[in-house]
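S.K.: Next comes entry_21.txt, compact mmCIF, C-alpha atoms and all ligand atoms:
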```txt
# COMPACT_ATOMS: atom_id res chain seq x y z
CA MET W 252 77.39 8.57 262.06
CA THR W 253 74.09 7.37 263.28
CA GLN W 254 72.95 6.18 266.64
CA ALA W 255 70.11 3.74 266.42
CA GLY W 256 67.52 3.76 269.18
CA ALA W 257 67.59 5.73 272.38
CA GLN W 258 70.77 5.79 274.42
CA PRO W 259 70.27 7.02 277.94
CA GLY W 260 73.37 8.70 279.23
CA ALA W 261 75.00 9.33 275.86
CA ASP W 262 76.48 12.79 275.58
CA PRO W 263 74.64 14.66 272.83
CA ALA W 264 77.61 16.98 272.33
CA ALA W 265 79.98 14.11 271.61
CA CYS W 266 81.20 14.16 268.04
CA ALA W 267 79.04 17.09 267.01
CA GLY W 268 81.32 17.59 263.99
CA LEU W 269 80.55 14.18 262.58
CA GLY W 270 76.95 14.87 261.65
CA VAL W 271 75.55 12.57 264.28
CA ILE W 272 71.94 11.52 263.87
CA ARG W 273 70.11 10.28 266.94
CA ASP W 274 67.48 7.59 266.65
CA GLY W 275 68.49 7.09 263.06
CA ALA W 276 67.70 4.63 260.31
CA ILE W 277 69.54 3.51 257.22
CA GLY W 278 67.98 1.77 254.25
CA SER W 279 69.72 0.20 251.31
CA ILE W 280 68.70 -0.91 247.85
CA ASP W 281 71.02 -2.96 245.65
CA GLY W 282 73.95 -2.42 247.98
CA ARG W 283 73.69 1.36 248.09
CA ILE W 284 72.31 3.64 250.75
CA ALA W 285 68.78 4.67 249.79
CA PHE W 286 67.91 6.40 253.05
CA ALA W 287 70.01 7.77 255.89
CA GLY W 288 68.38 9.99 258.46
CA ARG W 289 66.10 10.13 261.43
CA ARG W 290 63.88 7.13 261.83
CA ALA W 291 60.95 9.51 262.19
CA ASP W 292 61.69 10.79 258.67
CA LEU W 293 61.49 7.41 256.95
CA PRO W 294 58.90 7.79 254.19
CA ALA W 295 55.52 6.46 255.30
CA GLY W 296 54.89 2.91 254.23
CA THR W 297 58.59 2.06 253.81
CA ALA W 298 58.90 -1.70 253.86
CA ALA W 299 62.14 -3.63 253.89
CA ARG W 300 62.78 -7.24 252.98
CA ASP W 301 65.27 -7.57 255.82
CA THR W 302 65.48 -5.37 258.87
CA ILE W 303 68.14 -5.24 261.58
CA ARG W 304 66.75 -3.63 264.69
CA LEU W 305 69.33 -1.95 266.86
CA ASP W 306 69.03 -0.67 270.36
CA GLY W 307 71.43 2.13 271.11
CA GLN W 308 74.31 0.90 268.95
CA TRP W 309 76.22 3.38 266.81
CA ILE W 310 76.53 3.00 263.05
CA THR W 311 79.56 4.36 261.22
CA PRO W 312 80.56 4.02 257.60
CA GLY W 313 82.51 0.79 257.15
CA PHE W 314 86.12 1.54 258.02
CA ILE W 315 88.68 2.08 255.27
CA ASP W 316 92.29 0.99 255.78
CA CYS W 317 93.80 3.18 253.06
CA HIS W 318 97.50 2.24 253.31
CA THR W 319 98.63 -1.37 253.67
CA HIS W 320 101.32 -3.71 252.42
CA ILE W 321 99.18 -6.65 253.48
CA VAL W 322 100.38 -9.07 250.79
CA TYR W 323 103.75 -10.41 251.89
CA ALA W 324 105.38 -13.66 252.93
CA GLY W 325 106.97 -14.67 256.20
CA ASN W 326 107.80 -12.19 258.91
CA ARG W 327 110.71 -10.10 260.14
CA ALA W 328 110.68 -10.91 263.83
CA ALA W 329 114.44 -11.60 263.73
CA GLU W 330 115.11 -8.07 262.50
CA TRP W 331 112.90 -6.73 265.23
CA GLU W 332 115.14 -8.52 267.70
CA MET W 333 118.15 -6.82 266.09
CA ARG W 334 116.46 -3.47 266.48
CA LEU W 335 115.66 -4.25 270.11
CA GLY W 336 119.39 -4.83 270.42
CA GLY W 337 120.17 -1.37 269.09
CA ALA W 338 120.38 -1.64 265.27
CA SER W 339 118.42 1.01 263.37
CA TYR W 340 115.91 0.37 260.58
CA GLN W 341 118.24 2.18 258.18
CA ASP W 342 121.26 0.09 259.29
CA ILE W 343 119.34 -3.10 258.61
CA ALA W 344 118.10 -1.82 255.24
CA ARG W 345 121.64 -0.85 254.16
CA ALA W 346 122.87 -4.31 255.13
CA GLY W 347 120.40 -5.87 252.69
CA GLY W 348 117.69 -6.66 255.23
CA GLY W 349 114.48 -4.74 255.74
CA ILE W 350 112.32 -4.47 252.64
CA LEU W 351 114.76 -6.66 250.71
CA SER W 352 114.34 -9.60 253.05
CA SER W 353 110.61 -9.48 252.35
CA VAL W 354 111.38 -9.26 248.62
CA GLN W 355 113.29 -12.53 248.86
CA ALA W 356 110.43 -14.19 250.71
CA VAL W 357 107.82 -12.92 248.25
CA ARG W 358 109.78 -14.02 245.20
CA ALA W 359 110.00 -17.53 246.65
CA ALA W 360 106.29 -17.71 247.53
CA SER W 361 103.46 -18.98 245.36
CA GLU W 362 100.36 -16.89 244.76
CA GLU W 363 98.35 -19.38 246.77
CA SER W 364 100.67 -19.09 249.73
CA LEU W 365 100.73 -15.28 249.55
CA ARG W 366 96.94 -15.24 249.43
CA GLU W 367 96.62 -17.54 252.43
CA GLN W 368 99.03 -15.46 254.48
CA ALA W 369 97.33 -12.20 253.55
CA LEU W 370 93.85 -13.56 254.30
CA VAL W 371 94.81 -14.24 257.91
CA ARG W 372 95.63 -10.57 258.31
CA LEU W 373 92.65 -9.37 256.28
CA ASP W 374 90.28 -11.36 258.48
CA ARG W 375 91.59 -9.55 261.55
CA LEU W 376 91.06 -6.16 259.95
CA MET W 377 87.57 -7.07 258.72
CA ALA W 378 86.63 -8.26 262.21
CA GLU W 379 87.16 -4.64 263.31
CA GLY W 380 84.77 -3.20 260.76
CA VAL W 381 87.06 -2.68 257.76
CA THR W 382 85.05 -2.82 254.53
CA THR W 383 87.63 -1.27 252.16
CA LEU W 384 91.32 -2.06 252.08
CA GLU W 385 94.13 -0.65 250.02
CA ALA W 386 96.98 -3.08 249.28
CA LYS W 387 100.32 -2.18 247.74
CA SER W 388 102.86 -4.18 245.82
CA GLY W 389 106.51 -3.31 246.41
CA TYR W 390 107.98 -6.60 247.64
CA GLY W 391 108.37 -8.04 244.15
CA LEU W 392 110.51 -5.38 242.48
CA ASP W 393 110.53 -7.09 239.10
CA THR W 394 107.70 -7.22 236.62
CA ALA W 395 106.63 -10.81 237.25
CA ASN W 396 106.67 -10.53 241.02
CA GLU W 397 105.00 -7.11 241.17
CA LEU W 398 102.22 -8.49 238.94
CA LYS W 399 102.00 -11.52 241.22
CA LEU W 400 101.53 -9.35 244.31
CA LEU W 401 98.88 -7.21 242.63
CA ARG W 402 96.98 -10.24 241.35
CA VAL W 403 96.94 -11.66 244.87
CA ALA W 404 95.81 -8.29 246.26
CA ARG W 405 92.93 -8.09 243.78
CA SER W 406 91.95 -11.68 244.51
CA LEU W 407 91.45 -10.90 248.21
CA GLY W 408 88.36 -8.97 247.16
CA ASP W 409 86.96 -12.13 245.55
CA GLU W 410 87.69 -14.23 248.60
CA ARG W 411 86.11 -11.91 251.13
CA ALA W 412 83.28 -9.36 251.40
CA VAL W 413 85.61 -6.39 251.15
CA ARG W 414 86.43 -3.68 248.61
CA LEU W 415 90.04 -3.98 247.45
CA VAL W 416 92.01 -1.06 246.06
CA THR W 417 95.53 -1.65 244.76
CA SER W 418 98.64 0.51 244.40
CA PHE W 419 101.76 -0.28 242.41
CA LEU W 420 104.80 0.45 244.59
CA GLY W 421 107.66 -0.51 242.28
CA ALA W 422 109.77 2.39 243.58
CA HIS W 423 109.94 0.91 247.08
CA ALA W 424 113.53 -0.33 247.29
CA LEU W 425 116.39 -1.18 244.97
CA PRO W 426 116.51 -4.92 244.23
CA PRO W 427 119.92 -6.66 244.36
CA GLU W 428 120.00 -7.35 240.61
CA ALA W 429 119.87 -3.58 239.95
CA ALA W 430 123.48 -3.53 241.17
CA GLY W 431 123.18 -0.17 242.84
CA ASP W 432 121.91 1.67 239.76
CA ARG W 433 118.86 3.53 241.02
CA ASP W 434 118.34 5.54 237.86
CA ALA W 435 118.36 2.45 235.68
CA PHE W 436 115.85 0.79 238.00
CA ILE W 437 113.58 3.83 237.82
CA ALA W 438 113.82 3.66 234.03
CA ARG W 439 112.77 0.02 234.18
CA ILE W 440 109.81 0.92 236.36
CA CYS W 441 108.70 3.62 233.92
CA THR W 442 109.19 1.74 230.67
CA GLU W 443 108.55 -1.86 231.64
CA MET W 444 106.94 -2.54 235.03
CA LEU W 445 104.40 0.25 235.15
CA PRO W 446 103.14 -0.25 231.59
CA ALA W 447 102.75 -3.99 232.26
CA VAL W 448 100.83 -3.35 235.48
CA ALA W 449 98.61 -0.78 233.79
CA ALA W 450 97.95 -3.03 230.80
CA ALA W 451 96.84 -5.79 233.15
CA GLY W 452 94.51 -3.34 234.92
CA LEU W 453 96.02 -4.37 238.23
CA ALA W 454 96.76 -0.98 239.81
CA ASP W 455 94.34 1.72 240.88
CA ALA W 456 97.19 4.09 241.77
CA VAL W 457 100.98 4.43 241.79
CA ASP W 458 102.98 4.88 244.98
CA GLY W 459 106.67 5.44 245.76
CA PHE W 460 109.08 5.66 248.67
CA CYS W 461 110.82 9.03 248.68
CA GLU W 462 113.58 8.75 251.26
CA GLY W 463 117.34 8.77 251.70
CA ILE W 464 117.39 4.96 251.85
CA ALA W 465 115.04 4.67 248.87
CA PHE W 466 114.48 7.13 245.98
CA SER W 467 115.12 10.83 245.48
CA PRO W 468 112.41 13.36 244.63
CA GLU W 469 113.79 13.53 241.05
CA GLN W 470 113.52 9.76 240.67
CA ILE W 471 110.01 9.69 242.11
CA GLU W 472 109.04 12.50 239.77
CA ARG W 473 109.92 10.33 236.79
CA VAL W 474 107.64 7.59 238.11
CA PHE W 475 104.85 10.10 238.68
CA ASN W 476 105.18 11.43 235.13
CA ALA W 477 104.98 7.90 233.76
CA ALA W 478 101.90 7.25 235.92
CA ARG W 479 100.22 10.39 234.65
CA ALA W 480 100.89 9.35 231.06
CA LEU W 481 98.99 6.14 231.82
CA GLY W 482 96.15 7.99 233.53
CA LEU W 483 96.91 6.60 237.00
CA PRO W 484 96.64 8.70 240.17
CA VAL W 485 99.68 8.95 242.44
CA LYS W 486 100.46 8.92 246.16
CA LEU W 487 103.72 8.88 248.10
CA HIS W 488 105.52 7.57 251.17
CA ALA W 489 106.83 11.01 252.07
CA ASP W 490 109.04 12.52 254.77
CA GLN W 491 108.84 9.42 256.97
CA LEU W 492 112.40 9.32 258.30
CA THR W 493 113.78 12.65 257.07
CA ASN W 494 112.41 15.79 255.43
CA GLY W 495 113.09 15.17 251.76
CA GLY W 496 110.44 17.49 250.40
CA GLY W 497 108.26 14.49 249.59
CA ALA W 498 104.97 16.03 250.65
CA ALA W 499 105.55 19.10 248.49
CA LEU W 500 106.47 16.87 245.55
CA ALA W 501 103.30 14.82 246.05
CA ALA W 502 101.19 17.97 246.21
CA ARG W 503 102.82 19.36 243.08
CA HIS W 504 101.69 16.24 241.26
CA GLY W 505 98.16 16.45 242.62
CA ALA W 506 98.70 13.25 244.62
CA LEU W 507 95.74 11.67 246.37
CA SER W 508 97.80 11.39 249.53
CA ALA W 509 101.19 11.89 251.13
CA ASP W 510 101.74 9.21 253.74
CA HIS W 511 103.69 9.07 257.02
CA VAL W 512 104.69 12.79 256.77
CA GLU W 513 106.34 12.94 260.21
CA TYR W 514 109.04 15.30 258.91
CA THR W 515 106.87 17.38 256.59
CA ASP W 516 107.52 21.10 257.05
CA GLU W 517 105.13 24.02 256.85
CA ALA W 518 105.72 24.58 253.14
CA GLY W 519 104.89 20.93 252.49
CA ALA W 520 101.71 21.14 254.56
CA ALA W 521 100.68 24.34 252.79
CA ALA W 522 101.21 22.72 249.40
CA MET W 523 99.15 19.70 250.46
CA GLY W 524 96.34 21.92 251.66
CA ALA W 525 96.26 23.83 248.39
CA ALA W 526 96.34 20.62 246.32
CA GLY W 527 93.77 18.73 248.43
CA THR W 528 96.35 16.01 249.10
CA VAL W 529 95.37 13.96 252.17
CA ALA W 530 97.93 13.29 254.93
CA VAL W 531 97.79 9.58 255.75
CA LEU W 532 99.02 9.15 259.33
CA LEU W 533 100.54 5.79 260.23
CA PRO W 534 101.12 5.72 263.98
CA GLY W 535 101.89 1.98 263.99
CA ALA W 536 105.11 2.59 262.03
CA PHE W 537 105.91 5.63 264.20
CA TYR W 538 105.55 3.47 267.30
CA MET W 539 107.45 0.48 265.93
CA LEU W 540 110.40 2.64 264.87
CA ARG W 541 110.33 4.50 268.17
CA GLU W 542 110.16 7.65 266.11
CA ARG W 543 110.25 10.85 268.14
CA GLN W 544 108.92 13.37 265.69
CA ALA W 545 105.13 13.23 265.34
CA PRO W 546 103.52 14.52 262.14
CA PRO W 547 102.71 18.26 262.22
CA VAL W 548 99.05 17.78 263.03
CA GLU W 549 98.45 21.36 264.10
CA THR W 550 100.01 22.66 260.89
CA PHE W 551 97.86 20.28 258.84
CA ARG W 552 94.80 21.63 260.61
CA ARG W 553 95.87 25.19 259.92
CA TYR W 554 96.22 24.52 256.20
CA GLY W 555 93.04 22.48 255.96
CA VAL W 556 94.86 19.24 255.15
CA GLY W 557 92.58 16.23 255.60
CA MET W 558 94.10 13.54 257.81
CA ALA W 559 93.48 9.84 257.31
CA VAL W 560 94.61 7.09 259.70
CA SER W 561 95.74 3.67 258.58
CA THR W 562 97.62 0.60 259.79
CA ASP W 563 100.47 0.49 257.20
CA CYS W 564 100.17 -3.27 257.83
CA ASN W 565 103.59 -4.55 256.70
CA PRO W 566 106.21 -7.03 257.89
CA GLY W 567 108.82 -4.48 258.92
CA THR W 568 107.82 -1.12 260.30
CA ALA W 569 104.21 -1.92 261.10
CA PRO W 570 103.45 -5.56 261.86
CA LEU W 571 99.94 -4.48 262.78
CA VAL W 572 96.56 -6.01 261.98
CA SER W 573 94.40 -3.75 264.11
CA LEU W 574 92.97 -0.54 262.71
CA LEU W 575 91.37 0.13 266.10
CA LEU W 576 94.84 0.14 267.66
CA ALA W 577 96.12 2.51 264.95
CA MET W 578 93.17 4.77 265.73
CA HIS W 579 93.95 4.73 269.43
CA MET W 580 97.58 5.59 268.67
CA ALA W 581 96.57 8.42 266.32
CA ALA W 582 94.73 9.99 269.22
CA THR W 583 97.21 9.24 272.00
CA LEU W 584 100.52 9.63 270.14
CA PHE W 585 99.57 12.23 267.50
CA GLY W 586 96.90 14.20 269.32
CA LEU W 587 94.03 13.75 266.91
CA THR W 588 90.57 14.29 268.34
CA VAL W 589 88.07 11.45 268.39
CA ASP W 590 86.19 13.13 265.54
CA GLU W 591 89.36 13.45 263.48
CA VAL W 592 90.23 9.80 264.03
CA LEU W 593 86.78 8.64 262.97
CA LYS W 594 86.89 10.85 259.88
CA GLY W 595 90.40 9.52 259.31
CA VAL W 596 89.19 5.97 258.75
CA THR W 597 86.05 6.94 256.84
CA PHE W 598 85.67 10.20 254.95
CA GLU W 599 89.34 11.19 254.71
CA ALA W 600 90.47 7.64 254.00
CA ALA W 601 87.97 7.55 251.13
CA ARG W 602 89.44 10.80 249.81
CA ALA W 603 92.92 9.33 250.10
CA LEU W 604 91.77 6.60 247.72
CA GLY W 605 89.93 8.96 245.39
CA LEU W 606 86.68 7.21 246.33
CA SER W 607 84.81 9.78 248.36
CA ASP W 608 81.90 9.66 245.89
CA THR W 609 81.47 5.97 246.59
CA ILE W 610 82.38 5.20 250.21
CA GLY W 611 83.29 6.80 253.52
CA SER W 612 80.07 8.55 254.49
CA LEU W 613 76.47 7.66 255.25
CA GLU W 614 74.83 9.41 252.33
CA VAL W 615 72.24 8.35 249.82
CA GLY W 616 73.96 6.80 246.83
CA ARG W 617 77.10 5.72 248.68
CA ALA W 618 77.83 2.02 249.09
CA CYS W 619 75.95 0.57 252.05
CA ASP W 620 79.15 -0.44 253.87
CA LEU W 621 78.58 -0.08 257.59
CA ALA W 622 80.20 -0.88 260.89
CA ILE W 623 77.81 -1.17 263.84
CA TRP W 624 79.24 -0.72 267.31
CA SER W 625 78.06 -1.70 270.78
CA VAL W 626 79.21 1.49 272.41
CA GLY W 627 77.64 4.34 274.32
CA ARG W 628 79.73 7.07 272.70
CA PRO W 629 82.00 7.09 269.65
CA ALA W 630 85.23 7.35 271.67
CA GLU W 631 84.48 3.89 273.07
CA ILE W 632 84.99 2.39 269.62
CA PHE W 633 88.77 2.63 270.04
CA HIS W 634 89.29 3.59 273.67
CA ILE W 635 90.19 0.22 275.14
CA LEU W 636 93.39 -1.30 273.77
CA GLY W 637 92.70 -4.83 272.60
CA HIS W 638 88.92 -4.56 272.84
CA ASN W 639 86.75 -4.84 269.75
CA PRO W 640 83.19 -3.56 270.23
CA LEU W 641 82.03 -4.38 266.69
CA PHE W 642 78.41 -5.55 266.78
CA ALA W 643 77.91 -6.18 263.07
CA ARG W 644 79.44 -5.39 259.74
CA VAL W 645 77.51 -4.66 256.56
CA PHE W 646 79.12 -4.84 253.13
CA ALA W 647 77.20 -3.62 250.08
CA GLY W 648 73.96 -3.95 251.99
CA ASN W 649 74.59 -7.45 253.32
CA VAL W 650 75.36 -8.31 256.93
CA THR W 651 78.67 -10.15 256.89
CA ALA W 652 79.57 -10.44 260.56
N1 LIG V 701 107.58 2.76 254.53
C1 LIG V 701 107.07 1.87 255.37
O1 LIG V 701 106.70 2.10 256.49
C2 LIG V 701 107.05 0.59 254.71
N2 LIG V 701 107.48 0.90 253.40
C3 LIG V 701 107.78 2.14 253.35
O2 LIG V 701 108.16 2.65 252.32
C4 LIG V 701 108.00 -0.35 255.36
C5 LIG V 701 108.09 -1.59 254.62
C6 LIG V 701 109.00 -2.59 255.26
O3 LIG V 701 109.82 -2.30 256.14
O4 LIG V 701 108.88 -3.74 254.81
FE FE V 702 103.80 2.01 253.92
```
Before we go any further, please render this structure as structure tokens.
M.R.:
Amino acid sequence: MTQAGAQPGADPAACAGLGVIRDGAIGSIDGRIAFAGRRADLPAGTAARDTIRLDGQWITPGFIDCHTHIVYAGNRAAEWEMRLGGASYQDIARAGGGILSSVQAVRAASEESLREQALVRLDRLMAEGVTTLEAKSGYGLDTANELKLLRVARSLGDERAVRLVTSFLGAHALPPEAAGDRDAFIARICTEMLPAVAAAGLADAVDGFCEGIAFSPEQIERVFNAARALGLPVKLHADQLTNGGGAALAARHGALSADHVEYTDEAGAAAMGAAGTVAVLLPGAFYMLRERQAPPVETFRRYGVGMAVSTDCNPGTAPLVSLLLAMHMAATLFGLTVDEVLKGVTFEAARALGLSDTIGSLEVGRACDLAIWSVGRPAEIFHILGHNPLFARVFAGNVTA
């Protein structure tokens, strides 16, 4: 992080662990950072074509929302009302609602309509400094509709100044036409859907939902093996509602991340630490489900597990288009420090996407994706619920907001 210009009253000890540079400067050439350091250390005679002069604002890496289901159709407000009336998420899922109601809506929607609906949400996230977004499929659940979702996800990166990373989430729920046969559906994912997605170059990674209401560790393992055979990295929705050993499974497969992880036990955390698997914390879903068990943050710290923070933007468990709010919740509900939260949407989120060589830190050679904040100290970036202190956003060296 860099603070540009003098800031009277700012606490020099704040965020010491983030590598804060006071009175800093950042230069970019061809969209990449060419200089990041103290202004006084800029090489003599440095001349820039365009200069943005700041006065006390803070510069962070552009934020990375590393876990979203942003491409979907319609909404599930009616189910929310049922849950307010006492029904559980699992009850609704077993009755054919939940993920499957979004599957119906997605199958009926055109690509154009899906794109339009997703762009509304994307614009909100970008307005809060997001410069990289991960988007999953998982509401199509047949080859044509999963391809459709991934094409729309990729196209968002053409429509807006944002880096788009996609994940194939075929193993999200069992579609009605599978007639209850989970193993046969997993076989279809491995032999038909995944190869088609890989051949089209539409997925950067493969995800799954390992849960009592979704797929077992053995079934997910088959998907992971198929992904490995195609050279695709894996990640997992793990231990969100129950402890199913998902985090340990993810770690065993060298997954980029294990996500949710509320119910992950010590063995799972230890395995993640050893494998370098990032824990992606999704406090929006935790809040929406009125979950009681927070992820084992202290255990993650003890085992050196990196923690990312993301919105989980989806129509069911996380109807949320504010990464700043997710960050606030990660601190207030999960007990992350301000430093951890900021790393969670930059450096660790980049690791969760396998992109830490490209984005997520202010280092020479990284993409010049920046968020510039009108705040006196970093905690102010996400302190006030509903307030957005973004001053400017830079994507690949260009000011875009
Ligand atoms: N866990 C989640 O939080 C989302 N998917 C998943 O596997 C929920 C998706 C939804 O309810 O539509
Ligand atoms: Fe999710």
S.K.: Return the single residue from W:Glu410, W:Glu379, W:Asp434, W:Asp490 that is closest to ligand LIG 701 (chain V), with distances computed using all atoms listed in the file.
M.R.: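 Among the listed residues, the smallest separation from ligand LIG 701 (chain V) belongs to W:Asp490.
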S.K.: With distances taken over only C-alpha atoms, which of W:Met539, W:Ala404, W:Ala346, W:Ala509 is nearest to Arg334 (chain W)?
M.R.: W:Met539
S.K.: Write out as JSON an axis-aligned box for region 535-551 of chain W: all of its atoms listed in the file, 8 Å added on each side, centre and edge lengths in Å with one decimal.
M.R.:
```
{"center_x": 104.1, "center_y": 11.6, "center_z": 263.5, "size_x": 28.5, "size_y": 38.2, "size_z": 25.3}
```
S.K.: Could you list as JSON, numbers by chain every residue that has an atom within 12 Å of (111.3, 11.0, 244.3), using the file's coordinates and counting all atoms listed in the file?
M.R.: {"W": [422, 423, 424, 433, 434, 437, 458, 459, 460, 461, 462, 463, 464, 465, 466, 467, 468, 469, 470, 471, 472, 473, 474, 475, 476, 485, 486, 487, 488, 489, 490, 495, 496, 497, 498, 499, 500, 501, 503, 504]}
S.K.: Restricting the calculation to all atoms listed in the file, which member of W:Ala356, W:Leu365, W:Val512, W:Val381 is positioned closest to Asp620 (chain W)?
M.R.: W:Val381
S.K.: Kindly compile the residues surrounding ligand LIG 701 (chain V) within 9 Å, counting all atoms listed in the file, and format them as an MDAnalysis selection string.
M.R.: chainID W and resid 319:320 323 327 340 344 349:354 389:390 420 422:424 459:462 465 487:489 491:492 510:511 533 535:537 563:569
S.K.: Can you work out the spacing between CA of Ala395 (chain W) and CA of Ala601 (chain W) in Å, to one decimal?
M.R.: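 The value is 29.6 Å.
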S.K.: Taking all atoms listed in the file into account, name the residue in W:Gly524, W:Gly391, W:Pro534, W:Pro640 that is nearest to ligand FE 702 (chain V).
M.R.: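 Ranked by minimum distance to ligand FE 702 (chain V), first place goes to W:Pro534.
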S.K.: For a quick check of understanding, using all atoms listed in the file, which of W:Glu385, W:Asp374, W:Glu362, W:Asp292 has the smallest distance to ligand FE 702 (chain V)?
M.R.: W:Glu385
S.K.: Could you check the closest approach to ligand FE 702 (chain V) for each of W:Ser508, W:Arg304, W:Ile315, W:Gly296 and tell me which residue wins, using all atoms listed in the file?
M.R.: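 For ligand FE 702 (chain V), the nearest of the given residues is W:Ser508.
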S.K.: Take CA of Ala456 (chain W) and CA of Pro547 (chain W) and report the distance between them in Å, one decimal.
M.R.: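 These two atoms are separated by 25.5 Å.
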S.K.: Between CA of Trp309 (chain W) and CA of Gly627 (chain W), measure the distance and give it in Å to one decimal.
M.R.: 7.7 Å
S.K.: Compile the contact shell of Phe286 (chain W) as a list in words: residues with an atom at most 6 Å away, counting all atoms listed in the file, same-chain residues fewer than 6 positions apart removed.
M.R.: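 Near neighbours after the sequence-gap exclusion: Ile277, Gly278 and Val615 of chain W.
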S.K.: Write out as a ChimeraX atom specification the residues lying within 8 Å of Ala526 (chain W), counting all atoms listed in the file and excluding same-chain residues fewer than 6 positions away.
M.R.: /W:502-503,505-506
S.K.: Fewer than 6 positions away in the same chain doesn't count, so skip those; otherwise give me all residues within 10 Å of Ile280 (chain W), counting all atoms listed in the file, as a PyMOL selection string.
M.R.: chain W and resi 286+299+616+618-619+647-648
S.K.: Hey, what's within 12 Å of Ala287 (chain W) if we count all atoms listed in the file and toss same-chain stuff fewer than 3 positions away? As a ChimeraX atom specification, please?
M.R.: /W:252-255,270-280,283-284,290-294,310-312,612-619,621
